[in-house]
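Peer 1: One structure coming up, written as structure tokens, with questions to follow.
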Amino acid sequence: MTHRVVVLALDGVVAFDLSIASRVFTSASLAAGRPLYETLTCTVDGGPVRTTAGFSLLPDHGPEIIATADTLVIPGPYEGPLMESAVLDPRVAEALAMAPKDVRWVSICTGAFVLAAAGMLDGREATTHWCHADELAAMHPRVRVTPDVLFVDDGQVLTSAGAAAGIDLCLHIVRTDHGAEVANHAARRVVVPAWRDGGQRQFIERPVPEVTDAGTSATRQWMVEHLDQPVDLRRLAAHARMSVRTFTRRFREETGLSPGQWLLRERVERARHLLESTDLSVERIARDAGFGTTASLRQHLNAAVGVAPLAYRRNFTCRAPSPAPTS
């Protein structure tokens, strides 16, 4: 029988998130072309909802179809009381209560806030967009928030990180339901990788700290400019004109990290930048970032973002298309 996927569109829904389930699940079929999923979209009252894309939409269904769902998908709302007070709108709570007991719950991006407010994530591991992971953990301390993965499969309840990670999760569901061949075929139709290496750690932005004249900031700037050189605490403390003990204490007070931890983070960031923006060899990047060897670079990059150097470069390097041949 065709598996019914119901997508609940809430007011202020992220338009991209809303489209993911339909696009992926309708692309999953058997070799003979028979569809494996039916995807329907509803709202809590059958009326229109606003999206983040500057338009409103009117789905074909009201909340009554939730009672027929095999899988219930909740795309992320962008903002609103739910993101601020963790309190569900009574209409949303009533709609969720219509779901069958054995329904599979799926959230995309900040849709995890809906499941958390409904108590569905209590005691479970879950994720959301890295920008909102700390908020989710603070507002819902009973949820075990994992901020650096693309999705979490906790059995009956599955959550994805932000935006395109919803595609990864939906393909994972297809793979779980029908195997790798069907999931790979769906991925080709959507024109995305069937599986992405690493988690969302590789997408988290880490701004460069502001340099001031106080404390250890001048030494931190010097460290950034000399990442390819070996340094030790004595040299750093001398640069800052402090004792090693005072320098270490002040450094941690200002950055929250030890000098060694901070230096390692900056070297990883330099390696990421070089992998993204240059054609330098991995060996050269390892030297320029201060890792010395490719093995050391591979170890530390994998620990930081979950992927090896070449995989990271494939994910983040934009290659210009080759010019068309001229006659």
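Labels used: A, B, ... for chains in the order of the structure tokens, numbers from 1 for residues in each chain, and numbers from 1 for ligands as shown.
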From a DSSP pass on the backbone, collect the residues of region 133-233 of chain A flagged as strand (DSSP E or B) and hand them back as a list in words.
Peer 2: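 Strand (DSSP E or B) members of region 133-233 of chain A, listed: Arg144, Val145, Phe151, Val152, Asp153, Asp154, Val157, Leu158, Thr159 and Ser160 of chain A.
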Peer 1: Take the selection from the previous step and output its residues with C-alpha atoms, as a short mmCIF file (atom, residue, chain, number, x, y, z; two decimals), in the first residue's frame.
Peer 2:
```
data_model
loop_
_atom_site.label_atom_id
_atom_site.label_comp_id
_atom_site.auth_asym_id
_atom_site.auth_seq_id
_atom_site.Cartn_x
_atom_site.Cartn_y
_atom_site.Cartn_z
CA ARG A 144 19.01 15.89 24.37
CA VAL A 145 19.96 18.39 21.68
CA PHE A 151 19.57 14.57 11.31
CA VAL A 152 18.66 12.33 14.23
CA ASP A 153 16.71 9.09 13.89
CA ASP A 154 15.28 8.27 17.30
CA VAL A 157 10.58 10.53 16.07
CA LEU A 158 13.09 11.96 13.58
CA THR A 159 14.46 15.51 13.45
CA SER A 160 16.64 17.28 10.92
#
```
Peer 1: For Val190 (chain A), list every protein, DNA or RNA residue within 12 Å, evaluated using only C-alpha atoms, and leave out those in the same chain fewer than 6 positions away; present the list as an mmCIF file with N, CA and C atoms, in the first residue's frame.
Peer 2:
```
data_model
loop_
_atom_site.group_PDB
_atom_site.id
_atom_site.type_symbol
_atom_site.label_atom_id
_atom_site.label_comp_id
_atom_site.auth_asym_id
_atom_site.auth_seq_id
_atom_site.Cartn_x
_atom_site.Cartn_y
_atom_site.Cartn_z
ATOM 1 N N SER A 19 8.493 22.470 1.098
ATOM 2 C CA SER A 19 8.486 21.740 -0.173
ATOM 3 C C SER A 19 9.309 20.450 -0.147
ATOM 4 N N ILE A 20 10.154 20.288 0.864
ATOM 5 C CA ILE A 20 11.124 19.193 0.848
ATOM 6 C C ILE A 20 10.464 17.825 0.833
ATOM 7 N N ALA A 21 9.538 17.572 1.769
ATOM 8 C CA ALA A 21 8.945 16.236 1.884
ATOM 9 C C ALA A 21 8.249 15.829 0.603
ATOM 10 N N SER A 22 7.463 16.738 0.038
ATOM 11 C CA SER A 22 6.753 16.412 -1.191
ATOM 12 C C SER A 22 7.719 16.086 -2.313
ATOM 13 N N ARG A 23 8.789 16.875 -2.438
ATOM 14 C CA ARG A 23 9.714 16.690 -3.548
ATOM 15 C C ARG A 23 10.461 15.368 -3.435
ATOM 16 N N VAL A 24 10.896 15.020 -2.225
ATOM 17 C CA VAL A 24 11.670 13.789 -2.060
ATOM 18 C C VAL A 24 10.774 12.561 -2.130
ATOM 19 N N PHE A 25 9.691 12.557 -1.378
ATOM 20 C CA PHE A 25 8.870 11.350 -1.296
ATOM 21 C C PHE A 25 8.147 11.039 -2.611
ATOM 22 N N THR A 26 7.761 12.067 -3.352
ATOM 23 C CA THR A 26 7.119 11.792 -4.636
ATOM 24 C C THR A 26 8.123 11.322 -5.682
ATOM 25 N N SER A 27 9.412 11.451 -5.379
ATOM 26 C CA SER A 27 10.453 10.970 -6.289
ATOM 27 C C SER A 27 10.814 9.512 -6.020
ATOM 28 N N ALA A 28 10.264 8.947 -4.966
ATOM 29 C CA ALA A 28 10.579 7.561 -4.605
ATOM 30 C C ALA A 28 9.545 6.627 -5.217
ATOM 31 N N ALA A 164 18.497 22.355 3.903
ATOM 32 C CA ALA A 164 18.753 21.196 3.045
ATOM 33 C C ALA A 164 18.950 19.909 3.822
ATOM 34 N N ILE A 167 16.348 17.365 3.361
ATOM 35 C CA ILE A 167 16.463 16.443 2.237
ATOM 36 C C ILE A 167 17.211 15.192 2.670
ATOM 37 N N ASP A 168 18.299 15.383 3.415
ATOM 38 C CA ASP A 168 19.060 14.232 3.922
ATOM 39 C C ASP A 168 18.172 13.323 4.763
ATOM 40 N N CYS A 170 14.797 13.047 4.740
ATOM 41 C CA CYS A 170 13.767 12.371 3.941
ATOM 42 C C CYS A 170 14.367 11.232 3.121
ATOM 43 N N LEU A 171 15.557 11.418 2.568
ATOM 44 C CA LEU A 171 16.216 10.330 1.846
ATOM 45 C C LEU A 171 16.568 9.189 2.789
ATOM 46 N N ALA A 183 16.284 4.799 -2.615
ATOM 47 C CA ALA A 183 16.715 6.110 -2.130
ATOM 48 C C ALA A 183 17.683 6.772 -3.101
ATOM 49 N N ASN A 184 18.599 5.999 -3.672
ATOM 50 C CA ASN A 184 19.542 6.557 -4.639
ATOM 51 C C ASN A 184 18.827 7.072 -5.881
#
```
Peer 1: Using DSSP assignments from the backbone, pull out every residue in region 77-244 of chain A that falls under helix (DSSP H, G or I) and give it to me as a PDB file with N, CA and C atoms, in the first residue's frame.
Peer 2:
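Result file is states26.pdb:
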```
ATOM      1  N   PRO A  81       5.517  33.070  18.612  1.00  0.00           N
ATOM      2  CA  PRO A  81       5.495  32.751  20.052  1.00  0.00           C
ATOM      3  C   PRO A  81       6.127  31.409  20.370  1.00  0.00           C
ATOM      4  N   LEU A  82       5.991  30.450  19.474  1.00  0.00           N
ATOM      5  CA  LEU A  82       6.540  29.124  19.732  1.00  0.00           C
ATOM      6  C   LEU A  82       8.049  29.171  19.927  1.00  0.00           C
ATOM      7  N   MET A  83       8.720  30.047  19.185  1.00  0.00           N
ATOM      8  CA  MET A  83      10.171  30.154  19.270  1.00  0.00           C
ATOM      9  C   MET A  83      10.607  30.986  20.468  1.00  0.00           C
ATOM     10  N   GLU A  84       9.649  31.640  21.127  1.00  0.00           N
ATOM     11  CA  GLU A  84       9.983  32.529  22.229  1.00  0.00           C
ATOM     12  C   GLU A  84       9.525  31.996  23.581  1.00  0.00           C
ATOM     13  N   SER A  85       8.361  31.349  23.603  1.00  0.00           N
ATOM     14  CA  SER A  85       7.797  30.932  24.886  1.00  0.00           C
ATOM     15  C   SER A  85       7.600  29.429  25.007  1.00  0.00           C
ATOM     16  N   PRO A  90      -3.197  26.487  20.802  1.00  0.00           N
ATOM     17  CA  PRO A  90      -4.175  25.420  21.051  1.00  0.00           C
ATOM     18  C   PRO A  90      -4.636  24.708  19.786  1.00  0.00           C
ATOM     19  N   ARG A  91      -4.719  25.436  18.671  1.00  0.00           N
ATOM     20  CA  ARG A  91      -5.152  24.806  17.425  1.00  0.00           C
ATOM     21  C   ARG A  91      -4.100  23.822  16.920  1.00  0.00           C
ATOM     22  N   VAL A  92      -2.823  24.169  17.119  1.00  0.00           N
ATOM     23  CA  VAL A  92      -1.752  23.257  16.719  1.00  0.00           C
ATOM     24  C   VAL A  92      -1.783  22.008  17.591  1.00  0.00           C
ATOM     25  N   ALA A  93      -1.976  22.209  18.904  1.00  0.00           N
ATOM     26  CA  ALA A  93      -2.043  21.071  19.813  1.00  0.00           C
ATOM     27  C   ALA A  93      -3.207  20.143  19.450  1.00  0.00           C
ATOM     28  N   GLU A  94      -4.338  20.717  19.103  1.00  0.00           N
ATOM     29  CA  GLU A  94      -5.503  19.903  18.714  1.00  0.00           C
ATOM     30  C   GLU A  94      -5.216  19.133  17.429  1.00  0.00           C
ATOM     31  N   ALA A  95      -4.531  19.789  16.491  1.00  0.00           N
ATOM     32  CA  ALA A  95      -4.212  19.119  15.227  1.00  0.00           C
ATOM     33  C   ALA A  95      -3.259  17.953  15.469  1.00  0.00           C
ATOM     34  N   LEU A  96      -2.224  18.168  16.275  1.00  0.00           N
ATOM     35  CA  LEU A  96      -1.265  17.098  16.553  1.00  0.00           C
ATOM     36  C   LEU A  96      -1.922  15.925  17.277  1.00  0.00           C
ATOM     37  N   GLY A 111      11.082  23.020  13.001  1.00  0.00           N
ATOM     38  CA  GLY A 111       9.920  22.208  13.330  1.00  0.00           C
ATOM     39  C   GLY A 111      10.149  21.412  14.604  1.00  0.00           C
ATOM     40  N   ALA A 112      11.426  21.225  14.998  1.00  0.00           N
ATOM     41  CA  ALA A 112      11.736  20.537  16.249  1.00  0.00           C
ATOM     42  C   ALA A 112      11.151  21.278  17.445  1.00  0.00           C
ATOM     43  N   PHE A 113      11.018  22.603  17.342  1.00  0.00           N
ATOM     44  CA  PHE A 113      10.422  23.370  18.439  1.00  0.00           C
ATOM     45  C   PHE A 113       8.958  22.984  18.634  1.00  0.00           C
ATOM     46  N   VAL A 114       8.275  22.638  17.554  1.00  0.00           N
ATOM     47  CA  VAL A 114       6.879  22.206  17.655  1.00  0.00           C
ATOM     48  C   VAL A 114       6.804  20.877  18.391  1.00  0.00           C
ATOM     49  N   LEU A 115       7.626  19.926  17.980  1.00  0.00           N
ATOM     50  CA  LEU A 115       7.629  18.619  18.638  1.00  0.00           C
ATOM     51  C   LEU A 115       8.053  18.742  20.095  1.00  0.00           C
ATOM     52  N   ALA A 116       9.016  19.599  20.366  1.00  0.00           N
ATOM     53  CA  ALA A 116       9.475  19.771  21.749  1.00  0.00           C
ATOM     54  C   ALA A 116       8.372  20.369  22.613  1.00  0.00           C
ATOM     55  N   ALA A 117       7.689  21.382  22.092  1.00  0.00           N
ATOM     56  CA  ALA A 117       6.611  22.007  22.864  1.00  0.00           C
ATOM     57  C   ALA A 117       5.466  21.035  23.111  1.00  0.00           C
ATOM     58  N   TRP A 130      21.641  24.766  13.376  1.00  0.00           N
ATOM     59  CA  TRP A 130      22.683  25.103  14.346  1.00  0.00           C
ATOM     60  C   TRP A 130      22.488  26.487  14.947  1.00  0.00           C
ATOM     61  N   CYS A 131      21.848  27.404  14.203  1.00  0.00           N
ATOM     62  CA  CYS A 131      21.607  28.750  14.742  1.00  0.00           C
ATOM     63  C   CYS A 131      20.676  28.719  15.950  1.00  0.00           C
ATOM     64  N   HIS A 132      19.827  27.701  16.030  1.00  0.00           N
ATOM     65  CA  HIS A 132      18.796  27.659  17.071  1.00  0.00           C
ATOM     66  C   HIS A 132      18.991  26.515  18.057  1.00  0.00           C
ATOM     67  N   ALA A 133      20.097  25.783  17.945  1.00  0.00           N
ATOM     68  CA  ALA A 133      20.288  24.619  18.812  1.00  0.00           C
ATOM     69  C   ALA A 133      20.384  25.013  20.279  1.00  0.00           C
ATOM     70  N   ASP A 134      21.092  26.100  20.573  1.00  0.00           N
ATOM     71  CA  ASP A 134      21.207  26.531  21.969  1.00  0.00           C
ATOM     72  C   ASP A 134      19.853  26.953  22.524  1.00  0.00           C
ATOM     73  N   GLU A 135      19.037  27.617  21.683  1.00  0.00           N
ATOM     74  CA  GLU A 135      17.697  28.022  22.124  1.00  0.00           C
ATOM     75  C   GLU A 135      16.841  26.804  22.447  1.00  0.00           C
ATOM     76  N   LEU A 136      16.894  25.811  21.572  1.00  0.00           N
ATOM     77  CA  LEU A 136      16.101  24.602  21.792  1.00  0.00           C
ATOM     78  C   LEU A 136      16.513  23.927  23.096  1.00  0.00           C
ATOM     79  N   ALA A 137      17.818  23.834  23.344  1.00  0.00           N
ATOM     80  CA  ALA A 137      18.303  23.194  24.565  1.00  0.00           C
ATOM     81  C   ALA A 137      17.904  23.976  25.807  1.00  0.00           C
ATOM     82  N   ALA A 138      17.951  25.313  25.730  1.00  0.00           N
ATOM     83  CA  ALA A 138      17.608  26.139  26.890  1.00  0.00           C
ATOM     84  C   ALA A 138      16.106  26.105  27.189  1.00  0.00           C
ATOM     85  N   MET A 139      15.300  26.136  26.138  1.00  0.00           N
ATOM     86  CA  MET A 139      13.853  26.166  26.322  1.00  0.00           C
ATOM     87  C   MET A 139      13.288  24.800  26.698  1.00  0.00           C
ATOM     88  N   ALA A 165      19.226  19.982   5.125  1.00  0.00           N
ATOM     89  CA  ALA A 165      19.346  18.758   5.917  1.00  0.00           C
ATOM     90  C   ALA A 165      18.023  18.002   5.946  1.00  0.00           C
ATOM     91  N   GLY A 166      16.912  18.705   5.699  1.00  0.00           N
ATOM     92  CA  GLY A 166      15.631  18.015   5.586  1.00  0.00           C
ATOM     93  C   GLY A 166      15.619  17.038   4.421  1.00  0.00           C
ATOM     94  N   ILE A 167      16.348  17.365   3.361  1.00  0.00           N
ATOM     95  CA  ILE A 167      16.463  16.443   2.237  1.00  0.00           C
ATOM     96  C   ILE A 167      17.211  15.192   2.670  1.00  0.00           C
ATOM     97  N   ASP A 168      18.299  15.383   3.415  1.00  0.00           N
ATOM     98  CA  ASP A 168      19.060  14.232   3.922  1.00  0.00           C
ATOM     99  C   ASP A 168      18.172  13.323   4.763  1.00  0.00           C
ATOM    100  N   LEU A 169      17.350  13.927   5.622  1.00  0.00           N
ATOM    101  CA  LEU A 169      16.491  13.124   6.486  1.00  0.00           C
ATOM    102  C   LEU A 169      15.438  12.371   5.684  1.00  0.00           C
ATOM    103  N   CYS A 170      14.797  13.047   4.740  1.00  0.00           N
ATOM    104  CA  CYS A 170      13.767  12.371   3.941  1.00  0.00           C
ATOM    105  C   CYS A 170      14.367  11.232   3.121  1.00  0.00           C
ATOM    106  N   LEU A 171      15.557  11.418   2.568  1.00  0.00           N
ATOM    107  CA  LEU A 171      16.216  10.330   1.846  1.00  0.00           C
ATOM    108  C   LEU A 171      16.568   9.189   2.789  1.00  0.00           C
ATOM    109  N   HIS A 172      16.945   9.524   4.010  1.00  0.00           N
ATOM    110  CA  HIS A 172      17.220   8.481   5.013  1.00  0.00           C
ATOM    111  C   HIS A 172      15.956   7.666   5.290  1.00  0.00           C
ATOM    112  N   ILE A 173      14.819   8.335   5.365  1.00  0.00           N
ATOM    113  CA  ILE A 173      13.557   7.633   5.602  1.00  0.00           C
ATOM    114  C   ILE A 173      13.241   6.699   4.436  1.00  0.00           C
ATOM    115  N   VAL A 174      13.412   7.190   3.218  1.00  0.00           N
ATOM    116  CA  VAL A 174      13.180   6.342   2.044  1.00  0.00           C
ATOM    117  C   VAL A 174      14.128   5.148   2.072  1.00  0.00           C
ATOM    118  N   ARG A 175      15.387   5.386   2.422  1.00  0.00           N
ATOM    119  CA  ARG A 175      16.377   4.313   2.482  1.00  0.00           C
ATOM    120  C   ARG A 175      15.992   3.283   3.545  1.00  0.00           C
ATOM    121  N   THR A 176      15.510   3.750   4.696  1.00  0.00           N
ATOM    122  CA  THR A 176      15.085   2.855   5.766  1.00  0.00           C
ATOM    123  C   THR A 176      13.869   2.038   5.352  1.00  0.00           C
ATOM    124  N   ASP A 177      12.926   2.692   4.659  1.00  0.00           N
ATOM    125  CA  ASP A 177      11.686   2.023   4.266  1.00  0.00           C
ATOM    126  C   ASP A 177      11.877   1.042   3.116  1.00  0.00           C
ATOM    127  N   HIS A 178      12.711   1.424   2.121  1.00  0.00           N
ATOM    128  CA  HIS A 178      12.731   0.661   0.874  1.00  0.00           C
ATOM    129  C   HIS A 178      14.123   0.301   0.353  1.00  0.00           C
ATOM    130  N   ALA A 180      18.552   1.100  -0.254  1.00  0.00           N
ATOM    131  CA  ALA A 180      19.439   2.091  -0.853  1.00  0.00           C
ATOM    132  C   ALA A 180      19.138   2.350  -2.323  1.00  0.00           C
ATOM    133  N   GLU A 181      18.738   1.319  -3.063  1.00  0.00           N
ATOM    134  CA  GLU A 181      18.516   1.507  -4.499  1.00  0.00           C
ATOM    135  C   GLU A 181      17.395   2.502  -4.755  1.00  0.00           C
ATOM    136  N   VAL A 182      16.286   2.364  -4.015  1.00  0.00           N
ATOM    137  CA  VAL A 182      15.161   3.294  -4.185  1.00  0.00           C
ATOM    138  C   VAL A 182      15.574   4.700  -3.749  1.00  0.00           C
ATOM    139  N   ALA A 183      16.284   4.799  -2.615  1.00  0.00           N
ATOM    140  CA  ALA A 183      16.715   6.110  -2.130  1.00  0.00           C
ATOM    141  C   ALA A 183      17.683   6.772  -3.101  1.00  0.00           C
ATOM    142  N   ASN A 184      18.599   5.999  -3.672  1.00  0.00           N
ATOM    143  CA  ASN A 184      19.542   6.557  -4.639  1.00  0.00           C
ATOM    144  C   ASN A 184      18.827   7.072  -5.881  1.00  0.00           C
ATOM    145  N   HIS A 185      17.808   6.321  -6.320  1.00  0.00           N
ATOM    146  CA  HIS A 185      17.030   6.758  -7.479  1.00  0.00           C
ATOM    147  C   HIS A 185      16.309   8.075  -7.171  1.00  0.00           C
ATOM    148  N   ALA A 186      15.729   8.178  -5.969  1.00  0.00           N
ATOM    149  CA  ALA A 186      15.051   9.414  -5.584  1.00  0.00           C
ATOM    150  C   ALA A 186      16.040  10.570  -5.529  1.00  0.00           C
ATOM    151  N   ALA A 187      17.232  10.309  -5.001  1.00  0.00           N
ATOM    152  CA  ALA A 187      18.242  11.363  -4.916  1.00  0.00           C
ATOM    153  C   ALA A 187      18.641  11.858  -6.305  1.00  0.00           C
ATOM    154  N   ARG A 188      18.757  10.941  -7.257  1.00  0.00           N
ATOM    155  CA  ARG A 188      19.112  11.358  -8.620  1.00  0.00           C
ATOM    156  C   ARG A 188      18.016  12.233  -9.219  1.00  0.00           C
ATOM    157  N   ARG A 189      16.772  11.899  -8.956  1.00  0.00           N
ATOM    158  CA  ARG A 189      15.674  12.695  -9.508  1.00  0.00           C
ATOM    159  C   ARG A 189      15.636  14.089  -8.894  1.00  0.00           C
ATOM    160  N   VAL A 190      16.027  14.190  -7.617  1.00  0.00           N
ATOM    161  CA  VAL A 190      16.056  15.493  -6.956  1.00  0.00           C
ATOM    162  C   VAL A 190      17.365  16.221  -7.240  1.00  0.00           C
ATOM    163  N   GLN A 200      26.451  19.031  10.461  1.00  0.00           N
ATOM    164  CA  GLN A 200      26.357  20.459  10.189  1.00  0.00           C
ATOM    165  C   GLN A 200      27.466  21.258  10.867  1.00  0.00           C
ATOM    166  N   ARG A 201      28.396  20.567  11.567  1.00  0.00           N
ATOM    167  CA  ARG A 201      29.556  21.277  12.092  1.00  0.00           C
ATOM    168  C   ARG A 201      30.307  21.999  10.984  1.00  0.00           C
ATOM    169  N   GLN A 202      30.331  21.394   9.794  1.00  0.00           N
ATOM    170  CA  GLN A 202      31.103  21.979   8.696  1.00  0.00           C
ATOM    171  C   GLN A 202      30.459  23.247   8.140  1.00  0.00           C
ATOM    172  N   PHE A 203      29.205  23.540   8.548  1.00  0.00           N
ATOM    173  CA  PHE A 203      28.513  24.720   8.041  1.00  0.00           C
ATOM    174  C   PHE A 203      28.448  25.855   9.062  1.00  0.00           C
ATOM    175  N   SER A 217      44.591  40.134  22.984  1.00  0.00           N
ATOM    176  CA  SER A 217      44.093  40.210  21.609  1.00  0.00           C
ATOM    177  C   SER A 217      45.213  40.430  20.598  1.00  0.00           C
ATOM    178  N   ALA A 218      46.207  41.262  20.928  1.00  0.00           N
ATOM    179  CA  ALA A 218      47.304  41.500  19.987  1.00  0.00           C
ATOM    180  C   ALA A 218      48.091  40.216  19.751  1.00  0.00           C
ATOM    181  N   THR A 219      48.262  39.430  20.804  1.00  0.00           N
ATOM    182  CA  THR A 219      48.965  38.157  20.648  1.00  0.00           C
ATOM    183  C   THR A 219      48.136  37.175  19.838  1.00  0.00           C
ATOM    184  N   ARG A 220      46.823  37.195  20.023  1.00  0.00           N
ATOM    185  CA  ARG A 220      45.964  36.324  19.217  1.00  0.00           C
ATOM    186  C   ARG A 220      46.062  36.694  17.738  1.00  0.00           C
ATOM    187  N   GLN A 221      46.119  37.996  17.463  1.00  0.00           N
ATOM    188  CA  GLN A 221      46.273  38.424  16.078  1.00  0.00           C
ATOM    189  C   GLN A 221      47.611  37.953  15.524  1.00  0.00           C
ATOM    190  N   TRP A 222      48.663  38.041  16.338  1.00  0.00           N
ATOM    191  CA  TRP A 222      49.983  37.557  15.917  1.00  0.00           C
ATOM    192  C   TRP A 222      49.938  36.052  15.648  1.00  0.00           C
ATOM    193  N   MET A 223      49.226  35.310  16.480  1.00  0.00           N
ATOM    194  CA  MET A 223      49.096  33.864  16.292  1.00  0.00           C
ATOM    195  C   MET A 223      48.428  33.552  14.954  1.00  0.00           C
ATOM    196  N   VAL A 224      47.376  34.316  14.620  1.00  0.00           N
ATOM    197  CA  VAL A 224      46.675  34.104  13.353  1.00  0.00           C
ATOM    198  C   VAL A 224      47.603  34.361  12.175  1.00  0.00           C
ATOM    199  N   GLU A 225      48.488  35.352  12.307  1.00  0.00           N
ATOM    200  CA  GLU A 225      49.399  35.708  11.220  1.00  0.00           C
ATOM    201  C   GLU A 225      50.586  34.750  11.117  1.00  0.00           C
ATOM    202  N   LEU A 233      53.940  28.199  24.853  1.00  0.00           N
ATOM    203  CA  LEU A 233      53.378  29.152  25.803  1.00  0.00           C
ATOM    204  C   LEU A 233      54.376  30.237  26.183  1.00  0.00           C
ATOM    205  N   ARG A 234      55.628  29.866  26.332  1.00  0.00           N
ATOM    206  CA  ARG A 234      56.626  30.863  26.718  1.00  0.00           C
ATOM    207  C   ARG A 234      56.734  31.974  25.668  1.00  0.00           C
ATOM    208  N   ARG A 235      56.737  31.578  24.416  1.00  0.00           N
ATOM    209  CA  ARG A 235      56.850  32.574  23.337  1.00  0.00           C
ATOM    210  C   ARG A 235      55.620  33.461  23.288  1.00  0.00           C
ATOM    211  N   LEU A 236      54.449  32.854  23.463  1.00  0.00           N
ATOM    212  CA  LEU A 236      53.207  33.629  23.430  1.00  0.00           C
ATOM    213  C   LEU A 236      53.134  34.590  24.612  1.00  0.00           C
ATOM    214  N   ALA A 237      53.488  34.102  25.784  1.00  0.00           N
ATOM    215  CA  ALA A 237      53.459  34.959  26.965  1.00  0.00           C
ATOM    216  C   ALA A 237      54.441  36.116  26.829  1.00  0.00           C
ATOM    217  N   ALA A 238      55.618  35.839  26.251  1.00  0.00           N
ATOM    218  CA  ALA A 238      56.605  36.900  26.050  1.00  0.00           C
ATOM    219  C   ALA A 238      56.070  37.943  25.075  1.00  0.00           C
ATOM    220  N   HIS A 239      55.368  37.495  24.031  1.00  0.00           N
ATOM    221  CA  HIS A 239      54.791  38.443  23.081  1.00  0.00           C
ATOM    222  C   HIS A 239      53.780  39.344  23.771  1.00  0.00           C
ATOM    223  N   ALA A 240      53.000  38.776  24.694  1.00  0.00           N
ATOM    224  CA  ALA A 240      51.986  39.549  25.408  1.00  0.00           C
ATOM    225  C   ALA A 240      52.562  40.316  26.591  1.00  0.00           C
ATOM    226  N   VAL A 244      53.786  33.325  32.008  1.00  0.00           N
ATOM    227  CA  VAL A 244      53.022  32.228  31.422  1.00  0.00           C
ATOM    228  C   VAL A 244      51.724  32.018  32.182  1.00  0.00           C
TER     229      VAL A 244
END
```
Peer 1: Rounded to one decimal in Å, what is the spacing between CA of Ala161 (chain A) and CA of Thr52 (chain A)?
Peer 2: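 Spanning CA of Ala161 (chain A) to CA of Thr52 (chain A) is a straight-line distance of 17.9 Å.
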Peer 1: Which residue out of A:Ala69, A:Leu263, A:Met242, A:Ala311 has the minimum interatomic distance to His3 (chain A) when only C-alpha atoms are used?
Peer 2: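 Nearest to His3 (chain A): A:Ala69.
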Peer 1: Please list as a list in words every residue within 8 Å of Val7 (chain A), counting only C-alpha atoms and excluding residues in the same chain fewer than 6 positions away.
Peer 2: Leu18, Ala21, Thr39, Leu40, Thr41, Cys42, Leu72, Val73, Ile74 and Pro75 of chain A
Peer 1: Looking at only C-alpha atoms, which of A:Val44, A:Val307, A:Val143, A:Ala118 is the one that sits closest to Ala9 (chain A)?
Peer 2: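 Of all the options, A:Val44 lies closest to Ala9 (chain A).
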